Amino acid sequence: MNAANGKTVDIKQYMQDLGQKARLAGREISRTDSGKKNRALLEIATALTDRQEQLISENQKDLDTAKANGLDAASLDRLTLSPKAIQAMITGLQQVAALPDPIGEISGLSYRPSGIQVGQMRVPLGVIGIIYESRPNVTVDAAALCLKSGNACILRGGSESIHSNQAIAGCISVGLTAAGLPEEAVQIIATADRAAVGELITMQQYVDVIVPRGGKSLIERITQEATIPVIKHLDGICHVYIDDDADVAKAVNIADNAKTHRYGVCNAMETLLVAESIANTVLPLLADIYQAKGVELRGCGKTCTLIPGCIRATEADWHTEYLAPILSVKIVAGLDEAIAHINQYSSSHTEAIVTEDYSKARRFLREVDSSSVMVNASTRFADGFEYGLGAEIGISTDKLHARGPVGLTGLTSLKYIVLGDGHIRQ
């Protein structure tokens with residue numbers, strides 16, 4: 001038993017009720033036309049504008065509690081709903097509304113020898129459960145992407161942002177109602193009880209897929225306990241390989257940006273690989289930049305010989321996502337060793353090669369087994385917005401069903417369609 005919306009409720013029954021309502025709403029949303037869905041998104045944006053003072057006031061309650069509980073500065077920053085953050089949510093809704101609607105898109109339609117036409121149609125997944133921490137803006141991003149892709153969703157934000165999320169829930173409800181859509185298409189769990197998560201991830205009759213967004217411990221728990229398919233990634237151990245044939249200026253800029261643009265993000269570089277023949281040229285330049293920015297370097301024996309003050313890397317370092325100003329560096333013989341190292345230690349998130357050799361670039365793209373593979377570009381581009389998806393629900397390092405940044409099409413599936421004119425099988 002716990003409290004939701006000020007009332008004492010049975011968590012299991014509460015979650016079952018949410019699931020039933022989501023399933024019914026999902027059926028209606030799945031057949032809703034693009035215009036109506038877009039109107040709902042824009043009405044939600046209007047509600048956020050109209051209720052900005054209330055959003056900031058409710059957010060302050062969460063911030064006061066978080067400060068009293070000793071939440072760190074970075075977490076407080078993610079929790080804060082400033083006017084700028086609210087405007088970013090509004091802009092995001094407008095951008096998703098402007099995106100093409102993937103639902104109903106037909107592809108691969110072709111005639112068979114029997115005379116029938118066979119193709120595939122893009123359809124919603126159904127009901128999506130999304131579990132996330134801290135950031136209240138995820139509530140709006142998740143609702144927007146699920147709604148535009150024809151899915152209902154059940155959202156469970158972190159307990160530290162419960163007042164903020166409930167205030168946002170009110171805006172979403174207003175927008176859905178104004179567009180003539182069921183409020184139950186987007187439901188935000190109103191209890192901080194962890195048991196609600198346990199129920200959500202096992203409601204197979206009502207929920208079709210789970211998307212966890214947050215720290216590694218959260219994602220590991222969901223992966224281990226869920227009886228529903230999960231779209232997720234655990235680590236972001238991203239690599240940049242500077243090849244023998246790299247342009248030095250490009251290599252320095254890319255390796256600098258990939259590590260120091262932001263430290264606490266999943267697409268930041270954690271290991272730098274450098275071809276032996278170019279190491280004497282490029283590593284001292286990068287070492288000066290990193291050391292000036294306070295980045296601790298942990299390198300192989302050859303790297304430590306070349307860079308004063310570099311700490312000797314351990315085996316554990318190659319397996320570590322630092323999310324901090326720390327970088328592992330290894331000098332490799334060439335492309336073969338670089339690819340072997342990446343495929344052994346990578347978390348299959350994002351890898352990049354810097355080279356002017358077209359053949360090596362093509363080989364790197366083909367042989368590196370990660371969800372995003374780049375040539376002459378920073379790993380920081382591995383992002384739904386940068387990929388033109390408008391927004392992302394998260395990043396998947398799985399190979400089924402979605403891989404890489406998950407946008408609108410990642411929240412859909414395909415079904416076969418057959419067109420005939422009285423055809424019968426002979």
# chains A, B, ... in the order shown; residues from 1 in each chain; ligands from 1
$ select_by_dssp --residues "segment 327-369 of chain A" --states "helix (DSSP H, G or I)" --output "VMD selection string"
chain A and resid 335 to 345 358 to 367
$ residues_around --residues "Leu63 of chain A" --least-positions-apart "2" --cutoff "9 Å" --atoms "only C-alpha atoms" --output "list in words"
Glu58, Asn59, Gln60, Lys61, Thr65, Ala66, Lys67, Ala68, Leu76, Leu79, Thr80, Glu160 and Ser161 of chain A
$ residues_around --residues "Leu55 of chain A" --least-positions-apart "5" --cutoff "10 Å" --atoms "only C-alpha atoms" --output "list in words"
Leu48, Thr49, Asp50, Gln60, Leu81, Ser82, Pro83, Ile86, His163, Ser164, Asn165, Gln166, Ala167, Ile168, Gly170 and Cys171 of chain A
$ closest_residue --among "A:Cys238, A:Ile231, A:Ser413, A:Glu337" --to "Val373 of chain A" --atoms "only C-alpha atoms"
A:Cys238
$ select_by_dssp --residues "segment 90-142 of chain A" --states "strand (DSSP E)" --output "PDB file with all heavy atoms, in the first residue's frame"
ATOM      1  N   ILE A 106       4.015   2.643 -46.196  1.00  0.00           N
ATOM      2  CA  ILE A 106       4.129   1.339 -46.851  1.00  0.00           C
ATOM      3  C   ILE A 106       5.428   1.292 -47.651  1.00  0.00           C
ATOM      4  O   ILE A 106       5.761   2.230 -48.387  1.00  0.00           O
ATOM      5  CB  ILE A 106       2.921   1.080 -47.778  1.00  0.00           C
ATOM      6  CG1 ILE A 106       1.639   1.005 -46.951  1.00  0.00           C
ATOM      7  CG2 ILE A 106       3.108  -0.202 -48.583  1.00  0.00           C
ATOM      8  CD1 ILE A 106       0.379   0.893 -47.785  1.00  0.00           C
ATOM      9  N   SER A 107       6.175   0.209 -47.511  1.00  0.00           N
ATOM     10  CA  SER A 107       7.457   0.081 -48.214  1.00  0.00           C
ATOM     11  C   SER A 107       7.579  -1.307 -48.842  1.00  0.00           C
ATOM     12  O   SER A 107       6.934  -2.262 -48.404  1.00  0.00           O
ATOM     13  CB  SER A 107       8.617   0.309 -47.239  1.00  0.00           C
ATOM     14  OG  SER A 107       8.577  -0.633 -46.178  1.00  0.00           O
ATOM     15  N   GLY A 108       8.412  -1.376 -49.859  1.00  0.00           N
ATOM     16  CA  GLY A 108       8.745  -2.660 -50.474  1.00  0.00           C
ATOM     17  C   GLY A 108       7.609  -3.346 -51.204  1.00  0.00           C
ATOM     18  O   GLY A 108       7.636  -4.564 -51.407  1.00  0.00           O
ATOM     19  N   LEU A 109       6.593  -2.586 -51.622  1.00  0.00           N
ATOM     20  CA  LEU A 109       5.431  -3.200 -52.274  1.00  0.00           C
ATOM     21  C   LEU A 109       5.830  -3.730 -53.654  1.00  0.00           C
ATOM     22  O   LEU A 109       6.354  -2.987 -54.489  1.00  0.00           O
ATOM     23  CB  LEU A 109       4.306  -2.172 -52.405  1.00  0.00           C
ATOM     24  CG  LEU A 109       2.889  -2.690 -52.635  1.00  0.00           C
ATOM     25  CD1 LEU A 109       2.431  -3.544 -51.450  1.00  0.00           C
ATOM     26  CD2 LEU A 109       1.934  -1.528 -52.847  1.00  0.00           C
ATOM     27  N   SER A 110       5.619  -5.014 -53.863  1.00  0.00           N
ATOM     28  CA  SER A 110       5.999  -5.616 -55.147  1.00  0.00           C
ATOM     29  C   SER A 110       5.039  -6.748 -55.510  1.00  0.00           C
ATOM     30  O   SER A 110       4.401  -7.346 -54.638  1.00  0.00           O
ATOM     31  CB  SER A 110       7.433  -6.166 -55.084  1.00  0.00           C
ATOM     32  OG  SER A 110       7.528  -7.189 -54.106  1.00  0.00           O
ATOM     33  N   TYR A 111       4.934  -7.018 -56.831  1.00  0.00           N
ATOM     34  CA  TYR A 111       4.070  -8.091 -57.303  1.00  0.00           C
ATOM     35  C   TYR A 111       4.770  -9.433 -57.172  1.00  0.00           C
ATOM     36  O   TYR A 111       5.974  -9.568 -57.442  1.00  0.00           O
ATOM     37  CB  TYR A 111       3.689  -7.869 -58.770  1.00  0.00           C
ATOM     38  CG  TYR A 111       2.589  -6.850 -58.952  1.00  0.00           C
ATOM     39  CD1 TYR A 111       2.880  -5.534 -59.298  1.00  0.00           C
ATOM     40  CD2 TYR A 111       1.250  -7.222 -58.792  1.00  0.00           C
ATOM     41  CE1 TYR A 111       1.868  -4.592 -59.486  1.00  0.00           C
ATOM     42  CE2 TYR A 111       0.235  -6.292 -58.968  1.00  0.00           C
ATOM     43  CZ  TYR A 111       0.548  -4.981 -59.310  1.00  0.00           C
ATOM     44  OH  TYR A 111      -0.458  -4.068 -59.485  1.00  0.00           O
ATOM     45  N   GLN A 117       0.146  -8.413 -54.426  1.00  0.00           N
ATOM     46  CA  GLN A 117       1.208  -7.477 -54.068  1.00  0.00           C
ATOM     47  C   GLN A 117       1.525  -7.643 -52.591  1.00  0.00           C
ATOM     48  O   GLN A 117       0.613  -7.724 -51.753  1.00  0.00           O
ATOM     49  CB  GLN A 117       0.769  -6.038 -54.322  1.00  0.00           C
ATOM     50  CG  GLN A 117       0.780  -5.616 -55.777  1.00  0.00           C
ATOM     51  CD  GLN A 117       0.383  -4.150 -55.907  1.00  0.00           C
ATOM     52  OE1 GLN A 117      -0.797  -3.819 -55.785  1.00  0.00           O
ATOM     53  NE2 GLN A 117       1.349  -3.291 -56.152  1.00  0.00           N
ATOM     54  N   VAL A 118       2.805  -7.698 -52.264  1.00  0.00           N
ATOM     55  CA  VAL A 118       3.253  -7.888 -50.881  1.00  0.00           C
ATOM     56  C   VAL A 118       4.164  -6.725 -50.488  1.00  0.00           C
ATOM     57  O   VAL A 118       5.056  -6.330 -51.252  1.00  0.00           O
ATOM     58  CB  VAL A 118       4.009  -9.229 -50.708  1.00  0.00           C
ATOM     59  CG1 VAL A 118       4.493  -9.388 -49.261  1.00  0.00           C
ATOM     60  CG2 VAL A 118       3.124 -10.402 -51.098  1.00  0.00           C
ATOM     61  N   GLY A 119       3.934  -6.153 -49.332  1.00  0.00           N
ATOM     62  CA  GLY A 119       4.777  -5.074 -48.827  1.00  0.00           C
ATOM     63  C   GLY A 119       4.743  -5.060 -47.313  1.00  0.00           C
ATOM     64  O   GLY A 119       4.264  -6.008 -46.677  1.00  0.00           O
ATOM     65  N   GLN A 120       5.247  -3.989 -46.728  1.00  0.00           N
ATOM     66  CA  GLN A 120       5.240  -3.840 -45.276  1.00  0.00           C
ATOM     67  C   GLN A 120       4.698  -2.469 -44.896  1.00  0.00           C
ATOM     68  O   GLN A 120       4.973  -1.472 -45.581  1.00  0.00           O
ATOM     69  CB  GLN A 120       6.645  -4.022 -44.697  1.00  0.00           C
ATOM     70  CG  GLN A 120       7.151  -5.462 -44.764  1.00  0.00           C
ATOM     71  CD  GLN A 120       8.512  -5.609 -44.117  1.00  0.00           C
ATOM     72  OE1 GLN A 120       9.481  -4.986 -44.550  1.00  0.00           O
ATOM     73  NE2 GLN A 120       8.600  -6.420 -43.083  1.00  0.00           N
ATOM     74  N   MET A 121       3.960  -2.440 -43.796  1.00  0.00           N
ATOM     75  CA  MET A 121       3.392  -1.197 -43.285  1.00  0.00           C
ATOM     76  C   MET A 121       3.944  -0.925 -41.884  1.00  0.00           C
ATOM     77  O   MET A 121       4.035  -1.836 -41.057  1.00  0.00           O
ATOM     78  CB  MET A 121       1.862  -1.278 -43.228  1.00  0.00           C
ATOM     79  CG  MET A 121       1.212  -0.034 -42.632  1.00  0.00           C
ATOM     80  SD  MET A 121      -0.590  -0.201 -42.509  1.00  0.00           S
ATOM     81  CE  MET A 121      -1.052  -0.010 -44.244  1.00  0.00           C
ATOM     82  N   ARG A 122       4.290   0.339 -41.635  1.00  0.00           N
ATOM     83  CA  ARG A 122       4.818   0.712 -40.321  1.00  0.00           C
ATOM     84  C   ARG A 122       3.660   0.956 -39.359  1.00  0.00           C
ATOM     85  O   ARG A 122       2.733   1.687 -39.668  1.00  0.00           O
ATOM     86  CB  ARG A 122       5.707   1.958 -40.442  1.00  0.00           C
ATOM     87  CG  ARG A 122       6.580   2.179 -39.224  1.00  0.00           C
ATOM     88  CD  ARG A 122       7.728   3.116 -39.525  1.00  0.00           C
ATOM     89  NE  ARG A 122       8.734   2.534 -40.389  1.00  0.00           N
ATOM     90  CZ  ARG A 122       9.659   1.664 -39.985  1.00  0.00           C
ATOM     91  NH1 ARG A 122       9.685   1.256 -38.730  1.00  0.00           N
ATOM     92  NH2 ARG A 122      10.537   1.201 -40.837  1.00  0.00           N
ATOM     93  N   VAL A 123       3.753   0.333 -38.169  1.00  0.00           N
ATOM     94  CA  VAL A 123       2.672   0.396 -37.179  1.00  0.00           C
ATOM     95  C   VAL A 123       3.257   0.675 -35.794  1.00  0.00           C
ATOM     96  O   VAL A 123       4.437   0.435 -35.542  1.00  0.00           O
ATOM     97  CB  VAL A 123       1.877  -0.930 -37.142  1.00  0.00           C
ATOM     98  CG1 VAL A 123       1.165  -1.168 -38.477  1.00  0.00           C
ATOM     99  CG2 VAL A 123       2.804  -2.109 -36.824  1.00  0.00           C
ATOM    100  N   PRO A 124       2.443   1.187 -34.866  1.00  0.00           N
ATOM    101  CA  PRO A 124       2.933   1.435 -33.504  1.00  0.00           C
ATOM    102  C   PRO A 124       3.265   0.135 -32.768  1.00  0.00           C
ATOM    103  O   PRO A 124       2.763  -0.939 -33.128  1.00  0.00           O
ATOM    104  CB  PRO A 124       1.755   2.151 -32.818  1.00  0.00           C
ATOM    105  CG  PRO A 124       0.865   2.612 -33.923  1.00  0.00           C
ATOM    106  CD  PRO A 124       1.050   1.637 -35.042  1.00  0.00           C
ATOM    107  N   VAL A 127       1.855  -0.110 -26.271  1.00  0.00           N
ATOM    108  CA  VAL A 127       2.015   0.613 -25.008  1.00  0.00           C
ATOM    109  C   VAL A 127       3.480   0.531 -24.595  1.00  0.00           C
ATOM    110  O   VAL A 127       4.051  -0.565 -24.530  1.00  0.00           O
ATOM    111  CB  VAL A 127       1.122   0.033 -23.888  1.00  0.00           C
ATOM    112  CG1 VAL A 127       1.378   0.765 -22.563  1.00  0.00           C
ATOM    113  CG2 VAL A 127      -0.346   0.139 -24.272  1.00  0.00           C
ATOM    114  N   ILE A 128       4.067   1.676 -24.333  1.00  0.00           N
ATOM    115  CA  ILE A 128       5.488   1.742 -23.986  1.00  0.00           C
ATOM    116  C   ILE A 128       5.627   2.228 -22.549  1.00  0.00           C
ATOM    117  O   ILE A 128       5.061   3.256 -22.169  1.00  0.00           O
ATOM    118  CB  ILE A 128       6.235   2.688 -24.942  1.00  0.00           C
ATOM    119  CG1 ILE A 128       6.090   2.192 -26.384  1.00  0.00           C
ATOM    120  CG2 ILE A 128       7.713   2.794 -24.561  1.00  0.00           C
ATOM    121  CD1 ILE A 128       6.672   3.118 -27.426  1.00  0.00           C
ATOM    122  N   GLY A 129       6.362   1.493 -21.747  1.00  0.00           N
ATOM    123  CA  GLY A 129       6.677   1.905 -20.377  1.00  0.00           C
ATOM    124  C   GLY A 129       8.067   2.514 -20.343  1.00  0.00           C
ATOM    125  O   GLY A 129       9.025   1.900 -20.820  1.00  0.00           O
ATOM    126  N   ILE A 130       8.189   3.720 -19.820  1.00  0.00           N
ATOM    127  CA  ILE A 130       9.479   4.418 -19.805  1.00  0.00           C
ATOM    128  C   ILE A 130       9.824   4.778 -18.363  1.00  0.00           C
ATOM    129  O   ILE A 130       9.035   5.398 -17.652  1.00  0.00           O
ATOM    130  CB  ILE A 130       9.449   5.673 -20.691  1.00  0.00           C
ATOM    131  CG1 ILE A 130       9.055   5.289 -22.119  1.00  0.00           C
ATOM    132  CG2 ILE A 130      10.800   6.382 -20.691  1.00  0.00           C
ATOM    133  CD1 ILE A 130       8.811   6.452 -23.042  1.00  0.00           C
ATOM    134  N   ILE A 131      11.002   4.361 -17.931  1.00  0.00           N
ATOM    135  CA  ILE A 131      11.460   4.562 -16.554  1.00  0.00           C
ATOM    136  C   ILE A 131      12.729   5.401 -16.617  1.00  0.00           C
ATOM    137  O   ILE A 131      13.685   5.044 -17.320  1.00  0.00           O
ATOM    138  CB  ILE A 131      11.741   3.211 -15.875  1.00  0.00           C
ATOM    139  CG1 ILE A 131      10.462   2.352 -15.886  1.00  0.00           C
ATOM    140  CG2 ILE A 131      12.241   3.405 -14.444  1.00  0.00           C
ATOM    141  CD1 ILE A 131      10.725   0.875 -15.745  1.00  0.00           C
ATOM    142  N   TYR A 132      12.761   6.509 -15.897  1.00  0.00           N
ATOM    143  CA  TYR A 132      13.891   7.428 -16.012  1.00  0.00           C
ATOM    144  C   TYR A 132      14.142   8.129 -14.689  1.00  0.00           C
ATOM    145  O   TYR A 132      13.335   8.056 -13.755  1.00  0.00           O
ATOM    146  CB  TYR A 132      13.634   8.453 -17.126  1.00  0.00           C
ATOM    147  CG  TYR A 132      12.302   9.159 -17.041  1.00  0.00           C
ATOM    148  CD1 TYR A 132      12.189  10.442 -16.518  1.00  0.00           C
ATOM    149  CD2 TYR A 132      11.139   8.528 -17.494  1.00  0.00           C
ATOM    150  CE1 TYR A 132      10.950  11.080 -16.439  1.00  0.00           C
ATOM    151  CE2 TYR A 132       9.909   9.162 -17.431  1.00  0.00           C
ATOM    152  CZ  TYR A 132       9.818  10.432 -16.893  1.00  0.00           C
ATOM    153  OH  TYR A 132       8.609  11.058 -16.804  1.00  0.00           O
TER     154      TYR A 132
END
$ closest_atom_pairs --of "segment 310-404 of chain A" --to "segment 277-292 of chain A" --cutoff "12 Å" --atoms "only C-alpha atoms" --output "Markdown table"
| residue | atom | partner | partner_atom | distance |
| --- | --- | --- | --- | --- |
| A:Cys310 | CA | A:Ala287 | CA | 9.0 |
| A:Pro325 | CA | A:Tyr290 | CA | 8.7 |
| A:Ile326 | CA | A:Tyr290 | CA | 9.3 |
| A:Leu327 | CA | A:Tyr290 | CA | 9.0 |
| A:Ser328 | CA | A:Tyr290 | CA | 11.7 |
| A:Val329 | CA | A:Leu283 | CA | 9.3 |
| A:Lys330 | CA | A:Ala279 | CA | 9.7 |
| A:Ile331 | CA | A:Ala279 | CA | 7.0 |
| A:Val332 | CA | A:Ala279 | CA | 9.1 |
| A:Ala333 | CA | A:Ser277 | CA | 7.9 |
| A:Gly334 | CA | A:Ser277 | CA | 8.4 |
| A:Leu335 | CA | A:Ser277 | CA | 11.6 |
| A:Val354 | CA | A:Ile278 | CA | 11.8 |
| A:Thr355 | CA | A:Ile278 | CA | 11.4 |
$ closest_residue --among "A:Asp17, A:Asp64, A:Asp141, A:Glu183" --to "Ile29 of chain A" --atoms "only C-alpha atoms"
A:Glu183
$ residues_around --residues "segment 361-363 of chain A" --least-positions-apart "3" --cutoff "10 Å" --atoms "only C-alpha atoms" --output "list in words"
Asp243, Leu335, Asp336, Ile339, Ala352, Ile353, Val354, Thr355, Glu356, Asp357, Tyr358, Arg366, Glu367, Val368, Met374, Val375 and Asn376 of chain A
$ residues_around --residues "Ala226 of chain A" --least-positions-apart "3" --cutoff "6 Å" --atoms "only C-alpha atoms" --output "list of chain:residue names"
A:Ile201, A:Thr202, A:Ile222, A:Thr223
$ residues_around --residues "Val186 of chain A" --least-positions-apart "6" --cutoff "12 Å" --atoms "only C-alpha atoms" --output "number ranges by chain"
A: 18-19, 21-26, 29, 40-41, 44, 127-130, 139-148, 150-156, 166, 168-177
$ closest_residue --among "A:Ser372, A:Asn253, A:Gln20, A:Gln54" --to "Pro405 of chain A" --atoms "only C-alpha atoms"
A:Ser372
$ closest_residue --among "A:Asp33, A:Glu225, A:Glu43, A:Asp256" --to "Val197 of chain A" --atoms "only C-alpha atoms"
A:Glu225
$ residues_around --residues "segment 259-265 of chain A" --least-positions-apart "2" --cutoff "7 Å" --atoms "only C-alpha atoms" --output "ChimeraX atom specification"
/A:255-257,267-269,323-325
$ atom_distance --atom1 "atom CA of Gly180 of chain A" --atom2 "atom CA of Gln52 of chain A"
23.2 Å
